[in-house]
Structures are given as C-alpha cells and as structure tokens.
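Undergrad: Structure in structure tokens, see below.
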Amino acid sequence: MVPDTTPFVPSLSPGAEGARLLTVREVAARLAVSTATVYALCERGQLRHVRISHAIRVESTEVEGFIERQQQG
C-alpha cells in the first residue's frame with residue numbers, strides 16, 4: 001500500500017490557488033496605519049487573521065473586506 005502523497009497544507013506561494021496571506025507589516029502598509037494598529041484590530045476581532053506559530057497572517061481578501069466595511073459605516 002502506497003501512502004497518499006497529497007500535501008496536507010496547500011501551497012501559499014505567489015501564484016498558487018487561493019488567497020495570499022499578508023504579514024502585519026504588509027497589512028499596515030495597505031491600510032496606511034501602524035503595525036500596532038493592525039495588532040489591535042486583530043485583538044479586537046475587527047480583522048480576521050490566523051496565527052502561524054507566533055506570526056499573524058491576514059488574507060488579502062479580508063483586508064479588502066475590512067476596508068469595505070469601514071466605508072459603509
């Protein structure tokens with residue numbers, strides 16, 4: 001019997017299928033705020049994110065959704 005060779009975790013390389021995960025610094029640049037503000041938004045639950053070890057990552061689509069929600073009031 002041959003074990004399944006399909007990777008458990010999908011590739012997050014640029015050009016890979018799916019949304020790209022952004023660093024806190026990249027999110028801060030897109031929102032024109034400090035990294036401390038991004039950490040606070042994540043902590044308050046206003047910006048959905050994932051933790052990978054000690055790092056926070058945010059999907060680019062979530063940043064766009066956050067901007068739209070802020071514009072709507």
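Simple scheme: letters A, B, ... for chains in structure tokens order, numbers from 1 for residues in each chain, numbers from 1 for ligands in the order shown.
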If you count only C-alpha atoms, which residues fall within 12 Å of Ile67 of chain A, apart from same-chain ones fewer than 2 positions away, as JSON, numbers by chain?

TA: {"A": [27, 30, 31, 32, 46, 47, 60, 61, 62, 63, 64, 65, 69, 70, 71, 72, 73]}

Undergrad: Calculated over only C-alpha atoms, which of the candidates A:Arg57, A:Phe66, A:Arg44, A:Val50 has the smallest distance to Val24 of chain A?

TA: A:Arg57
